[in-house]
$ cat coords-v9.pdb   # PDB, C-alpha atoms
ATOM      1  CA  ARG A  23     -22.685  28.826   2.797  1.00  0.00           C
ATOM      2  CA  ARG A  24     -24.084  25.555   1.603  1.00  0.00           C
ATOM      3  CA  ALA A  25     -24.734  22.251   3.315  1.00  0.00           C
ATOM      4  CA  GLN A  26     -24.504  18.815   1.790  1.00  0.00           C
ATOM      5  CA  THR A  27     -27.534  16.545   1.919  1.00  0.00           C
ATOM      6  CA  THR A  28     -27.051  13.038   0.631  1.00  0.00           C
ATOM      7  CA  ALA A  29     -29.535  11.261  -1.584  1.00  0.00           C
ATOM      8  CA  GLU A  30     -29.789   8.455   0.938  1.00  0.00           C
ATOM      9  CA  PRO A  31     -31.246   9.049   4.429  1.00  0.00           C
ATOM     10  CA  SER A  32     -28.837   8.730   7.332  1.00  0.00           C
ATOM     11  CA  THR A  33     -28.097   9.995  10.805  1.00  0.00           C
ATOM     12  CA  ALA A  34     -25.128  12.337  10.752  1.00  0.00           C
ATOM     13  CA  THR A  35     -22.748  12.557  13.672  1.00  0.00           C
ATOM     14  CA  THR A  36     -19.912  14.944  14.322  1.00  0.00           C
ATOM     15  CA  ARG A  37     -16.420  13.575  14.358  1.00  0.00           C
ATOM     16  CA  PRO A  38     -14.543  15.271  17.228  1.00  0.00           C
ATOM     17  CA  ALA A  39     -11.103  16.752  16.706  1.00  0.00           C
ATOM     18  CA  THR A  40      -9.057  14.838  19.218  1.00  0.00           C
ATOM     19  CA  GLY A  41      -5.459  13.910  19.718  1.00  0.00           C
ATOM     20  CA  THR A  42      -2.415  15.686  18.432  1.00  0.00           C
ATOM     21  CA  GLY A  43      -1.563  16.836  14.936  1.00  0.00           C
ATOM     22  CA  PRO A  44      -3.376  19.073  12.485  1.00  0.00           C
ATOM     23  CA  ARG A  45      -6.928  17.961  13.356  1.00  0.00           C
ATOM     24  CA  SER A  46      -6.581  19.293  16.917  1.00  0.00           C
ATOM     25  CA  HIS A  47      -5.576  22.772  15.723  1.00  0.00           C
ATOM     26  CA  ARG A  48      -8.624  23.949  13.791  1.00  0.00           C
ATOM     27  CA  SER A  49      -9.131  27.683  14.157  1.00  0.00           C
ATOM     28  CA  SER A  50     -11.103  30.628  12.835  1.00  0.00           C
ATOM     29  CA  TRP A  51      -8.262  31.284  10.396  1.00  0.00           C
ATOM     30  CA  CYS A  52      -9.796  28.716   8.099  1.00  0.00           C
ATOM     31  CA  ARG A  53     -13.267  29.378   6.721  1.00  0.00           C
ATOM     32  CA  LEU A  54     -14.670  25.881   7.035  1.00  0.00           C
ATOM     33  CA  ARG A  55     -18.117  24.556   6.357  1.00  0.00           C
ATOM     34  CA  ARG A  56     -19.753  21.419   7.682  1.00  0.00           C
ATOM     35  CA  HIS A  57     -21.113  18.812   5.308  1.00  0.00           C
ATOM     36  CA  SER A  58     -23.374  16.173   6.874  1.00  0.00           C
ATOM     37  CA  SER A  59     -22.664  13.249   4.617  1.00  0.00           C
ATOM     38  CA  SER A  60     -23.383   9.551   4.306  1.00  0.00           C
ATOM     39  CA  VAL A  61     -21.151   9.076   1.282  1.00  0.00           C
ATOM     40  CA  PRO A  62     -20.015   5.433   1.311  1.00  0.00           C
ATOM     41  CA  SER A  63     -16.401   4.713   2.173  1.00  0.00           C
ATOM     42  CA  THR A  64     -15.774   3.705  -1.446  1.00  0.00           C
ATOM     43  CA  HIS A  65     -16.288   7.353  -2.399  1.00  0.00           C
ATOM     44  CA  GLY A  66     -13.847   9.296  -0.279  1.00  0.00           C
ATOM     45  CA  LEU A  67     -14.806   9.129   3.376  1.00  0.00           C
ATOM     46  CA  ALA A  68     -12.571   6.104   3.736  1.00  0.00           C
ATOM     47  CA  ALA A  69      -9.877   8.764   3.986  1.00  0.00           C
ATOM     48  CA  LEU A  70     -11.439   9.684   7.335  1.00  0.00           C
ATOM     49  CA  GLY A  71     -11.419   6.089   8.512  1.00  0.00           C
ATOM     50  CA  ALA A  72     -15.220   6.162   8.589  1.00  0.00           C
ATOM     51  CA  SER A  73     -17.756   3.553   7.549  1.00  0.00           C
ATOM     52  CA  THR A  74     -20.726   5.506   8.906  1.00  0.00           C
ATOM     53  CA  ALA A  75     -21.945   9.068   8.484  1.00  0.00           C
ATOM     54  CA  VAL A  76     -19.786  11.845   9.854  1.00  0.00           C
ATOM     55  CA  THR A  77     -19.692  15.626   9.705  1.00  0.00           C
ATOM     56  CA  ALA A  78     -16.776  16.424   7.424  1.00  0.00           C
ATOM     57  CA  ILE A  79     -15.063  19.812   7.585  1.00  0.00           C
ATOM     58  CA  TYR A  80     -14.517  21.409   4.170  1.00  0.00           C
ATOM     59  CA  ALA A  81     -12.387  24.503   3.581  1.00  0.00           C
ATOM     60  CA  HIS A  82     -14.453  26.712   1.260  1.00  0.00           C
ATOM     61  CA  ARG A  83     -12.154  27.815  -1.585  1.00  0.00           C
ATOM     62  CA  GLY A  84      -9.328  26.629   0.614  1.00  0.00           C
ATOM     63  CA  ALA A  85      -8.418  28.276   3.912  1.00  0.00           C
ATOM     64  CA  SER A  86      -9.820  31.502   2.524  1.00  0.00           C
ATOM     65  CA  VAL A  87      -9.420  33.622   5.638  1.00  0.00           C
ATOM     66  CA  ALA A  88      -5.783  32.716   6.184  1.00  0.00           C
ATOM     67  CA  GLU A  89      -4.901  33.043   2.482  1.00  0.00           C
ATOM     68  CA  ALA A  90      -6.403  34.417  -0.719  1.00  0.00           C
ATOM     69  CA  GLU A  91      -9.254  32.157  -1.843  1.00  0.00           C
ATOM     70  CA  ASN A  92      -8.753  29.471  -4.489  1.00  0.00           C
ATOM     71  CA  THR A  93      -4.971  29.743  -4.365  1.00  0.00           C
ATOM     72  CA  LEU A  94      -2.337  27.083  -3.805  1.00  0.00           C
ATOM     73  CA  ALA A  95      -1.476  28.769  -0.518  1.00  0.00           C
ATOM     74  CA  ALA A  96      -5.119  28.478   0.618  1.00  0.00           C
ATOM     75  CA  PHE A  97      -5.237  24.774  -0.233  1.00  0.00           C
ATOM     76  CA  ARG A  98      -1.950  24.045   1.540  1.00  0.00           C
ATOM     77  CA  ALA A  99      -3.188  25.988   4.561  1.00  0.00           C
ATOM     78  CA  ALA A 100      -6.357  23.862   4.616  1.00  0.00           C
ATOM     79  CA  VAL A 101      -4.166  20.766   4.831  1.00  0.00           C
ATOM     80  CA  ALA A 102      -2.097  22.295   7.635  1.00  0.00           C
ATOM     81  CA  LEU A 103      -5.211  23.363   9.576  1.00  0.00           C
ATOM     82  CA  GLY A 104      -6.635  19.842   9.537  1.00  0.00           C
ATOM     83  CA  ALA A 105      -9.588  20.179   7.191  1.00  0.00           C
ATOM     84  CA  ASP A 106     -11.117  16.943   5.908  1.00  0.00           C
ATOM     85  CA  GLY A 107     -11.675  18.404   2.458  1.00  0.00           C
ATOM     86  CA  VAL A 108     -11.517  21.425   0.194  1.00  0.00           C
ATOM     87  CA  GLU A 109     -14.084  23.045  -2.081  1.00  0.00           C
ATOM     88  CA  LEU A 110     -12.796  24.833  -5.174  1.00  0.00           C
ATOM     89  CA  ASP A 111     -14.205  26.331  -8.379  1.00  0.00           C
ATOM     90  CA  VAL A 112     -13.111  25.636 -11.958  1.00  0.00           C
ATOM     91  CA  ARG A 113     -13.627  27.565 -15.189  1.00  0.00           C
ATOM     92  CA  ARG A 114     -12.349  27.139 -18.755  1.00  0.00           C
ATOM     93  CA  THR A 115      -9.466  29.183 -20.130  1.00  0.00           C
ATOM     94  CA  ALA A 116      -9.180  30.298 -23.765  1.00  0.00           C
ATOM     95  CA  ASP A 117      -7.173  27.189 -24.625  1.00  0.00           C
ATOM     96  CA  GLY A 118      -9.409  24.724 -22.795  1.00  0.00           C
ATOM     97  CA  ALA A 119      -7.462  24.369 -19.553  1.00  0.00           C
ATOM     98  CA  LEU A 120      -9.203  24.307 -16.175  1.00  0.00           C
ATOM     99  CA  ALA A 121      -8.392  27.340 -14.035  1.00  0.00           C
ATOM    100  CA  VAL A 122      -9.343  27.505 -10.364  1.00  0.00           C
ATOM    101  CA  HIS A 123     -11.237  30.774  -9.983  1.00  0.00           C
ATOM    102  CA  HIS A 124     -14.630  31.681  -8.570  1.00  0.00           C
ATOM    103  CA  ASP A 125     -15.605  34.693 -10.678  1.00  0.00           C
ATOM    104  CA  PRO A 126     -16.011  34.685 -14.467  1.00  0.00           C
ATOM    105  CA  ARG A 127     -13.664  37.658 -14.759  1.00  0.00           C
ATOM    106  CA  LEU A 128     -10.174  38.309 -13.460  1.00  0.00           C
ATOM    107  CA  PRO A 129      -9.648  41.320 -11.161  1.00  0.00           C
ATOM    108  CA  ASP A 130      -8.521  43.377 -14.171  1.00  0.00           C
ATOM    109  CA  GLY A 131     -11.890  42.767 -15.854  1.00  0.00           C
ATOM    110  CA  ARG A 132     -10.795  40.269 -18.502  1.00  0.00           C
ATOM    111  CA  PRO A 133     -13.123  37.263 -18.934  1.00  0.00           C
ATOM    112  CA  LEU A 134     -11.141  34.246 -17.801  1.00  0.00           C
ATOM    113  CA  VAL A 135     -12.363  32.307 -20.839  1.00  0.00           C
ATOM    114  CA  GLU A 136     -10.493  34.774 -23.073  1.00  0.00           C
ATOM    115  CA  VAL A 137      -7.163  34.245 -21.309  1.00  0.00           C
ATOM    116  CA  ALA A 138      -4.801  31.377 -22.183  1.00  0.00           C
ATOM    117  CA  ALA A 139      -3.499  29.229 -19.350  1.00  0.00           C
ATOM    118  CA  ALA A 140       0.056  30.523 -19.799  1.00  0.00           C
ATOM    119  CA  GLU A 141      -1.192  34.109 -19.404  1.00  0.00           C
ATOM    120  CA  LEU A 142      -3.091  33.609 -16.148  1.00  0.00           C
ATOM    121  CA  PRO A 143      -2.037  35.665 -13.125  1.00  0.00           C
ATOM    122  CA  THR A 144       0.418  33.752 -10.937  1.00  0.00           C
ATOM    123  CA  ASP A 145      -2.153  33.410  -8.146  1.00  0.00           C
ATOM    124  CA  VAL A 146      -4.693  31.615 -10.376  1.00  0.00           C
ATOM    125  CA  PRO A 147      -3.727  27.919 -10.409  1.00  0.00           C
ATOM    126  CA  LEU A 148      -4.721  25.185 -12.807  1.00  0.00           C
ATOM    127  CA  LEU A 149      -6.789  22.299 -11.496  1.00  0.00           C
ATOM    128  CA  GLY A 150      -3.939  19.785 -11.545  1.00  0.00           C
ATOM    129  CA  ASP A 151      -1.725  21.969  -9.390  1.00  0.00           C
ATOM    130  CA  ALA A 152      -4.610  22.680  -7.029  1.00  0.00           C
ATOM    131  CA  LEU A 153      -5.316  18.970  -6.563  1.00  0.00           C
ATOM    132  CA  ASP A 154      -1.644  18.375  -5.799  1.00  0.00           C
ATOM    133  CA  ALA A 155      -1.712  21.161  -3.195  1.00  0.00           C
ATOM    134  CA  CYS A 156      -4.717  19.519  -1.499  1.00  0.00           C
ATOM    135  CA  GLY A 157      -2.636  16.450  -0.733  1.00  0.00           C
ATOM    136  CA  SER A 158      -4.844  13.566   0.370  1.00  0.00           C
ATOM    137  CA  LEU A 159      -7.853  15.723   1.273  1.00  0.00           C
ATOM    138  CA  LEU A 160     -11.272  15.168  -0.230  1.00  0.00           C
ATOM    139  CA  VAL A 161     -11.965  17.712  -2.958  1.00  0.00           C
ATOM    140  CA  ASN A 162     -15.323  19.136  -4.025  1.00  0.00           C
ATOM    141  CA  ILE A 163     -14.801  20.466  -7.559  1.00  0.00           C
ATOM    142  CA  GLU A 164     -17.524  22.954  -8.461  1.00  0.00           C
ATOM    143  CA  ILE A 165     -17.841  23.525 -12.218  1.00  0.00           C
ATOM    144  CA  LYS A 166     -18.924  27.080 -12.984  1.00  0.00           C
ATOM    145  CA  ASN A 167     -21.147  27.149 -16.078  1.00  0.00           C
ATOM    146  CA  LEU A 168     -24.107  29.481 -15.788  1.00  0.00           C
ATOM    147  CA  PRO A 169     -26.121  31.155 -18.565  1.00  0.00           C
ATOM    148  CA  GLY A 170     -25.425  34.859 -18.743  1.00  0.00           C
ATOM    149  CA  GLU A 171     -21.775  34.571 -17.742  1.00  0.00           C
ATOM    150  CA  PRO A 172     -19.082  35.116 -20.392  1.00  0.00           C
ATOM    151  CA  ASP A 173     -17.798  31.550 -20.201  1.00  0.00           C
ATOM    152  CA  PHE A 174     -21.180  29.812 -20.389  1.00  0.00           C
ATOM    153  CA  ASP A 175     -20.824  26.734 -22.574  1.00  0.00           C
ATOM    154  CA  PRO A 176     -23.957  24.786 -23.560  1.00  0.00           C
ATOM    155  CA  GLU A 177     -21.680  21.960 -24.735  1.00  0.00           C
ATOM    156  CA  ASP A 178     -20.282  21.546 -21.213  1.00  0.00           C
ATOM    157  CA  GLU A 179     -16.675  21.153 -22.305  1.00  0.00           C
ATOM    158  CA  ALA A 180     -15.509  21.822 -18.749  1.00  0.00           C
ATOM    159  CA  ALA A 181     -17.388  18.729 -17.574  1.00  0.00           C
ATOM    160  CA  GLY A 182     -15.458  16.627 -20.063  1.00  0.00           C
ATOM    161  CA  ALA A 183     -12.170  18.168 -18.978  1.00  0.00           C
ATOM    162  CA  VAL A 184     -12.903  17.533 -15.302  1.00  0.00           C
ATOM    163  CA  ALA A 185     -13.900  13.936 -16.027  1.00  0.00           C
ATOM    164  CA  GLY A 186     -10.631  13.469 -17.887  1.00  0.00           C
ATOM    165  CA  ALA A 187      -8.582  14.947 -15.051  1.00  0.00           C
ATOM    166  CA  VAL A 188     -10.273  12.719 -12.465  1.00  0.00           C
ATOM    167  CA  ALA A 189      -9.750   9.605 -14.588  1.00  0.00           C
ATOM    168  CA  GLU A 190      -6.134  10.460 -15.358  1.00  0.00           C
ATOM    169  CA  GLY A 191      -5.333  10.985 -11.690  1.00  0.00           C
ATOM    170  CA  ARG A 192      -7.466   8.014 -10.564  1.00  0.00           C
ATOM    171  CA  LEU A 193      -9.194  10.339  -8.121  1.00  0.00           C
ATOM    172  CA  HIS A 194     -12.665   8.809  -8.082  1.00  0.00           C
ATOM    173  CA  ASP A 195     -12.396   7.983  -4.368  1.00  0.00           C
ATOM    174  CA  ARG A 196     -11.484  11.501  -3.244  1.00  0.00           C
ATOM    175  CA  VAL A 197     -13.494  13.914  -5.367  1.00  0.00           C
ATOM    176  CA  LEU A 198     -17.081  15.075  -5.597  1.00  0.00           C
ATOM    177  CA  VAL A 199     -18.040  17.170  -8.629  1.00  0.00           C
ATOM    178  CA  SER A 200     -20.875  19.686  -8.315  1.00  0.00           C
ATOM    179  CA  SER A 201     -22.518  22.495 -10.264  1.00  0.00           C
ATOM    180  CA  PHE A 202     -25.521  24.803 -10.151  1.00  0.00           C
ATOM    181  CA  ASN A 203     -26.140  23.773 -13.762  1.00  0.00           C
ATOM    182  CA  PRO A 204     -27.890  20.370 -13.751  1.00  0.00           C
ATOM    183  CA  THR A 205     -26.946  19.626 -17.369  1.00  0.00           C
ATOM    184  CA  THR A 206     -23.275  20.057 -16.490  1.00  0.00           C
ATOM    185  CA  VAL A 207     -23.236  17.376 -13.798  1.00  0.00           C
ATOM    186  CA  GLU A 208     -25.528  15.168 -15.894  1.00  0.00           C
ATOM    187  CA  ARG A 209     -23.019  15.320 -18.765  1.00  0.00           C
ATOM    188  CA  LEU A 210     -20.193  14.429 -16.403  1.00  0.00           C
ATOM    189  CA  ARG A 211     -22.171  11.433 -15.149  1.00  0.00           C
ATOM    190  CA  ARG A 212     -22.711  10.260 -18.715  1.00  0.00           C
ATOM    191  CA  LEU A 213     -18.981  10.522 -19.394  1.00  0.00           C
ATOM    192  CA  ASP A 214     -17.966   8.724 -16.196  1.00  0.00           C
ATOM    193  CA  PRO A 215     -20.758   7.441 -13.927  1.00  0.00           C
ATOM    194  CA  ASP A 216     -18.184   6.394 -11.323  1.00  0.00           C
ATOM    195  CA  ILE A 217     -17.425  10.013 -10.436  1.00  0.00           C
ATOM    196  CA  PRO A 218     -19.688  11.056  -7.522  1.00  0.00           C
ATOM    197  CA  THR A 219     -21.682  14.195  -8.314  1.00  0.00           C
ATOM    198  CA  ALA A 220     -23.827  16.732  -6.486  1.00  0.00           C
ATOM    199  CA  LEU A 221     -26.374  19.350  -7.490  1.00  0.00           C
ATOM    200  CA  LEU A 222     -26.086  22.859  -6.048  1.00  0.00           C
ATOM    201  CA  ALA A 223     -29.364  24.674  -5.384  1.00  0.00           C
ATOM    202  CA  LEU A 224     -30.685  27.806  -3.728  1.00  0.00           C
ATOM    203  CA  VAL A 225     -33.428  25.984  -1.834  1.00  0.00           C
ATOM    204  CA  ALA A 226     -36.251  27.962  -0.248  1.00  0.00           C
ATOM    205  CA  PRO A 227     -37.289  26.664   3.201  1.00  0.00           C
ATOM    206  CA  ASP A 228     -40.372  25.055   1.674  1.00  0.00           C
ATOM    207  CA  PRO A 229     -40.986  21.310   2.302  1.00  0.00           C
ATOM    208  CA  GLU A 230     -42.562  20.776  -1.132  1.00  0.00           C
ATOM    209  CA  VAL A 231     -39.672  22.421  -2.989  1.00  0.00           C
ATOM    210  CA  ALA A 232     -37.105  20.585  -0.874  1.00  0.00           C
ATOM    211  CA  GLY A 233     -38.805  17.245  -1.398  1.00  0.00           C
ATOM    212  CA  HIS A 234     -38.915  17.793  -5.158  1.00  0.00           C
ATOM    213  CA  LEU A 235     -35.204  18.591  -5.306  1.00  0.00           C
ATOM    214  CA  VAL A 236     -34.277  15.532  -3.287  1.00  0.00           C
ATOM    215  CA  GLU A 237     -36.220  13.394  -5.760  1.00  0.00           C
ATOM    216  CA  VAL A 238     -34.504  15.121  -8.704  1.00  0.00           C
ATOM    217  CA  VAL A 239     -31.121  14.329  -7.162  1.00  0.00           C
ATOM    218  CA  ARG A 240     -32.104  10.745  -6.417  1.00  0.00           C
ATOM    219  CA  ARG A 241     -33.452  10.062  -9.904  1.00  0.00           C
ATOM    220  CA  ALA A 242     -30.385  11.602 -11.550  1.00  0.00           C
ATOM    221  CA  GLY A 243     -28.080   9.363  -9.529  1.00  0.00           C
ATOM    222  CA  HIS A 244     -26.215  12.209  -7.842  1.00  0.00           C
ATOM    223  CA  ARG A 245     -24.460  11.529  -4.580  1.00  0.00           C
ATOM    224  CA  ALA A 246     -25.684  14.664  -2.815  1.00  0.00           C
ATOM    225  CA  LEU A 247     -27.727  17.866  -2.843  1.00  0.00           C
ATOM    226  CA  HIS A 248     -25.903  21.064  -1.843  1.00  0.00           C
ATOM    227  CA  PRO A 249     -28.570  23.580  -0.749  1.00  0.00           C
ATOM    228  CA  HIS A 250     -28.057  27.106   0.527  1.00  0.00           C
ATOM    229  CA  TYR A 251     -27.895  27.007   4.328  1.00  0.00           C
ATOM    230  CA  VAL A 252     -31.226  28.847   4.736  1.00  0.00           C
ATOM    231  CA  GLY A 253     -32.922  25.921   3.043  1.00  0.00           C
ATOM    232  CA  VAL A 254     -31.506  23.334   5.432  1.00  0.00           C
ATOM    233  CA  THR A 255     -34.497  22.247   7.476  1.00  0.00           C
ATOM    234  CA  VAL A 256     -35.531  19.196   9.465  1.00  0.00           C
ATOM    235  CA  GLY A 257     -37.789  18.219   6.559  1.00  0.00           C
ATOM    236  CA  LEU A 258     -34.937  18.365   4.068  1.00  0.00           C
TER     237      LEU A 258
END
$ encode --input "coords-v9.pdb" --output "structure tokens"
Amino acid sequence: RRAQTTAEPSTATTRPATGTGPRSHRSSWCRLRRHSSSVPSTHGLAALGASTAVTAIYAHRGASVAEAENTLAAFRAAVALGADGVELDVRRTADGALAVHHDPRLPDGRPLVEVAAAELPTDVPLLGDALDACGSLLVNIEIKNLPGEPDFDPEDEAAGAVAGAVAEGRLHDRVLVSSFNPTTVERLRRLDPDIPTALLALVAPDPEVAGHLVEVVRRAGHRALHPHYVGVTVGL
């Protein structure tokens, strides 16, 4: 579980689920996480009809209790359950496509980076299809690129591919791109500074560490910090 902390101070409020339709039918079938966010309306929260901070409900890897995580079915279920947004993970395939998959290896043990897009299992979608399945929801695209994993790429080719996909689909107002690897999101910002970005971090509940990370995020121009939930404190 991770929470979103914006680089600009704000007072977050919770938007109630009222009325009829999907938003009034949220249930435990959808593993949702709350992101306290003050992202300006020009970067996605306009979709919620909000000009001030709200608590947005994100489906982590889609509705990953109702359906298998990071699948088209999970993303469609998130839409049906009334989530405000979806978080998903992307990795490179052997031919440079962007596959939506959390782990570096497929269940059969093959490194995903050694598998061509056409040879992926049917339940592993490509990013374009996943974005289509998310409809008009906000989408947090997490780029997986960590040293020690079989698909680690110091050139950050995945960042370039994600930037291209966002530009091609004109999705700047409904995506947020994040990564645990700071150089990955920094490269994406250099390629397209109009794409909002966030830095993922396993923050210890230490005010000095938290304050340092917030300054790192602010100086880098990222939209948000995504800490582990144990590091979410009043000071942060």
$ closest_atom_pairs --input "coords-v9.pdb" --of "stretch 85-188 of chain A" --to "stretch 198-220 of chain A" --cutoff "9 Å" --atoms "all atoms listed in the file" --output "JSON lines"
{"residue": "A:Leu160", "atom": "CA", "partner": "A:Leu198", "partner_atom": "CA", "distance": 7.9}
{"residue": "A:Val161", "atom": "CA", "partner": "A:Leu198", "partner_atom": "CA", "distance": 6.3}
{"residue": "A:Asn162", "atom": "CA", "partner": "A:Leu198", "partner_atom": "CA", "distance": 4.7}
{"residue": "A:Ile163", "atom": "CA", "partner": "A:Val199", "partner_atom": "CA", "distance": 4.7}
{"residue": "A:Glu164", "atom": "CA", "partner": "A:Ser200", "partner_atom": "CA", "distance": 4.7}
{"residue": "A:Ile165", "atom": "CA", "partner": "A:Ser201", "partner_atom": "CA", "distance": 5.2}
{"residue": "A:Lys166", "atom": "CA", "partner": "A:Ser201", "partner_atom": "CA", "distance": 6.4}
{"residue": "A:Asn167", "atom": "CA", "partner": "A:Asn203", "partner_atom": "CA", "distance": 6.5}
{"residue": "A:Leu168", "atom": "CA", "partner": "A:Asn203", "partner_atom": "CA", "distance": 6.4}
{"residue": "A:Pro169", "atom": "CA", "partner": "A:Asn203", "partner_atom": "CA", "distance": 8.8}
{"residue": "A:Pro176", "atom": "CA", "partner": "A:Thr206", "partner_atom": "CA", "distance": 8.5}
{"residue": "A:Glu177", "atom": "CA", "partner": "A:Thr206", "partner_atom": "CA", "distance": 8.6}
{"residue": "A:Asp178", "atom": "CA", "partner": "A:Thr206", "partner_atom": "CA", "distance": 5.8}
{"residue": "A:Glu179", "atom": "CA", "partner": "A:Thr206", "partner_atom": "CA", "distance": 8.9}
{"residue": "A:Ala180", "atom": "CA", "partner": "A:Thr206", "partner_atom": "CA", "distance": 8.3}
{"residue": "A:Ala181", "atom": "CA", "partner": "A:Leu210", "partner_atom": "CA", "distance": 5.3}
{"residue": "A:Gly182", "atom": "CA", "partner": "A:Leu210", "partner_atom": "CA", "distance": 6.4}
{"residue": "A:Val184", "atom": "CA", "partner": "A:Leu210", "partner_atom": "CA", "distance": 8.0}
{"residue": "A:Ala185", "atom": "CA", "partner": "A:Leu210", "partner_atom": "CA", "distance": 6.3}
{"residue": "A:Gly186", "atom": "CA", "partner": "A:Asp214", "partner_atom": "CA", "distance": 8.9}
{"residue": "A:Val188", "atom": "CA", "partner": "A:Ile217", "partner_atom": "CA", "distance": 7.9}
$ atom_distance --input "coords-v9.pdb" --atom1 "atom CA of A:Thr115" --atom2 "atom CA of A:Val239"
29.3 Å
$ atom_distance --input "coords-v9.pdb" --atom1 "atom CA of A:Leu222" --atom2 "atom CA of A:Val252"
13.4 Å
$ closest_atom_pairs --input "coords-v9.pdb" --of "stretch 155-177 of chain A" --to "stretch 130-150 of chain A" --cutoff "9 Å" --atoms "only C-alpha atoms" --output "JSON lines"
{"residue": "A:Ala155", "atom": "CA", "partner": "A:Gly150", "partner_atom": "CA", "distance": 8.8}
{"residue": "A:Pro172", "atom": "CA", "partner": "A:Pro133", "partner_atom": "CA", "distance": 6.5}
{"residue": "A:Asp173", "atom": "CA", "partner": "A:Val135", "partner_atom": "CA", "distance": 5.5}
$ atom_distance --input "coords-v9.pdb" --atom1 "atom CA of A:Gly84" --atom2 "atom CA of A:Leu110"
7.0 Å
$ axis_aligned_box --input "coords-v9.pdb" --around "stretch 112-130 of chain A" --padding-each-side "8 Å" --output "AutoDock Vina command-line options"
--center_x -11.6 --center_y 33.8 --center_z -16.6 --size_x 24.8 --size_y 35.1 --size_z 32.1
$ build_atoms --input "coords-v9.pdb" --residues "stretch 177-190 of chain A" --atoms "N, CA, C and O atoms" --output "PDB file, keeping the file's coordinate frame"
ATOM      1  N   GLU A 177     -22.245  23.277 -24.428  1.00  0.00           N
ATOM      2  CA  GLU A 177     -21.680  21.960 -24.735  1.00  0.00           C
ATOM      3  C   GLU A 177     -21.007  21.321 -23.529  1.00  0.00           C
ATOM      4  O   GLU A 177     -20.586  20.166 -23.586  1.00  0.00           O
ATOM      5  N   ASP A 178     -20.856  22.066 -22.462  1.00  0.00           N
ATOM      6  CA  ASP A 178     -20.282  21.546 -21.213  1.00  0.00           C
ATOM      7  C   ASP A 178     -18.890  20.929 -21.402  1.00  0.00           C
ATOM      8  O   ASP A 178     -18.598  19.841 -20.900  1.00  0.00           O
ATOM      9  N   GLU A 179     -18.033  21.654 -22.096  1.00  0.00           N
ATOM     10  CA  GLU A 179     -16.675  21.153 -22.305  1.00  0.00           C
ATOM     11  C   GLU A 179     -15.905  21.021 -20.988  1.00  0.00           C
ATOM     12  O   GLU A 179     -15.059  20.142 -20.838  1.00  0.00           O
ATOM     13  N   ALA A 180     -16.200  21.900 -20.038  1.00  0.00           N
ATOM     14  CA  ALA A 180     -15.509  21.822 -18.749  1.00  0.00           C
ATOM     15  C   ALA A 180     -15.810  20.508 -18.046  1.00  0.00           C
ATOM     16  O   ALA A 180     -14.941  19.933 -17.382  1.00  0.00           O
ATOM     17  N   ALA A 181     -17.040  20.010 -18.193  1.00  0.00           N
ATOM     18  CA  ALA A 181     -17.388  18.729 -17.574  1.00  0.00           C
ATOM     19  C   ALA A 181     -16.528  17.613 -18.145  1.00  0.00           C
ATOM     20  O   ALA A 181     -16.040  16.742 -17.403  1.00  0.00           O
ATOM     21  N   GLY A 182     -16.315  17.636 -19.449  1.00  0.00           N
ATOM     22  CA  GLY A 182     -15.458  16.627 -20.063  1.00  0.00           C
ATOM     23  C   GLY A 182     -14.026  16.734 -19.588  1.00  0.00           C
ATOM     24  O   GLY A 182     -13.357  15.717 -19.345  1.00  0.00           O
ATOM     25  N   ALA A 183     -13.542  17.977 -19.436  1.00  0.00           N
ATOM     26  CA  ALA A 183     -12.170  18.168 -18.978  1.00  0.00           C
ATOM     27  C   ALA A 183     -11.990  17.709 -17.535  1.00  0.00           C
ATOM     28  O   ALA A 183     -10.976  17.106 -17.183  1.00  0.00           O
ATOM     29  N   VAL A 184     -12.979  17.980 -16.699  1.00  0.00           N
ATOM     30  CA  VAL A 184     -12.903  17.533 -15.302  1.00  0.00           C
ATOM     31  C   VAL A 184     -12.944  16.009 -15.237  1.00  0.00           C
ATOM     32  O   VAL A 184     -12.173  15.387 -14.497  1.00  0.00           O
ATOM     33  N   ALA A 185     -13.830  15.398 -16.011  1.00  0.00           N
ATOM     34  CA  ALA A 185     -13.900  13.936 -16.027  1.00  0.00           C
ATOM     35  C   ALA A 185     -12.563  13.340 -16.449  1.00  0.00           C
ATOM     36  O   ALA A 185     -12.099  12.343 -15.871  1.00  0.00           O
ATOM     37  N   GLY A 186     -11.932  13.959 -17.442  1.00  0.00           N
ATOM     38  CA  GLY A 186     -10.631  13.469 -17.887  1.00  0.00           C
ATOM     39  C   GLY A 186      -9.573  13.604 -16.825  1.00  0.00           C
ATOM     40  O   GLY A 186      -8.732  12.701 -16.634  1.00  0.00           O
ATOM     41  N   ALA A 187      -9.573  14.726 -16.103  1.00  0.00           N
ATOM     42  CA  ALA A 187      -8.582  14.947 -15.051  1.00  0.00           C
ATOM     43  C   ALA A 187      -8.760  13.955 -13.906  1.00  0.00           C
ATOM     44  O   ALA A 187      -7.776  13.425 -13.362  1.00  0.00           O
ATOM     45  N   VAL A 188     -10.003  13.676 -13.537  1.00  0.00           N
ATOM     46  CA  VAL A 188     -10.273  12.719 -12.465  1.00  0.00           C
ATOM     47  C   VAL A 188      -9.820  11.318 -12.876  1.00  0.00           C
ATOM     48  O   VAL A 188      -9.181  10.598 -12.102  1.00  0.00           O
ATOM     49  N   ALA A 189     -10.140  10.934 -14.106  1.00  0.00           N
ATOM     50  CA  ALA A 189      -9.750   9.605 -14.588  1.00  0.00           C
ATOM     51  C   ALA A 189      -8.234   9.476 -14.679  1.00  0.00           C
ATOM     52  O   ALA A 189      -7.662   8.459 -14.265  1.00  0.00           O
ATOM     53  N   GLU A 190      -7.587  10.517 -15.206  1.00  0.00           N
ATOM     54  CA  GLU A 190      -6.134  10.460 -15.358  1.00  0.00           C
ATOM     55  C   GLU A 190      -5.425  10.338 -14.011  1.00  0.00           C
ATOM     56  O   GLU A 190      -4.448   9.597 -13.870  1.00  0.00           O
TER      57      GLU A 190
END
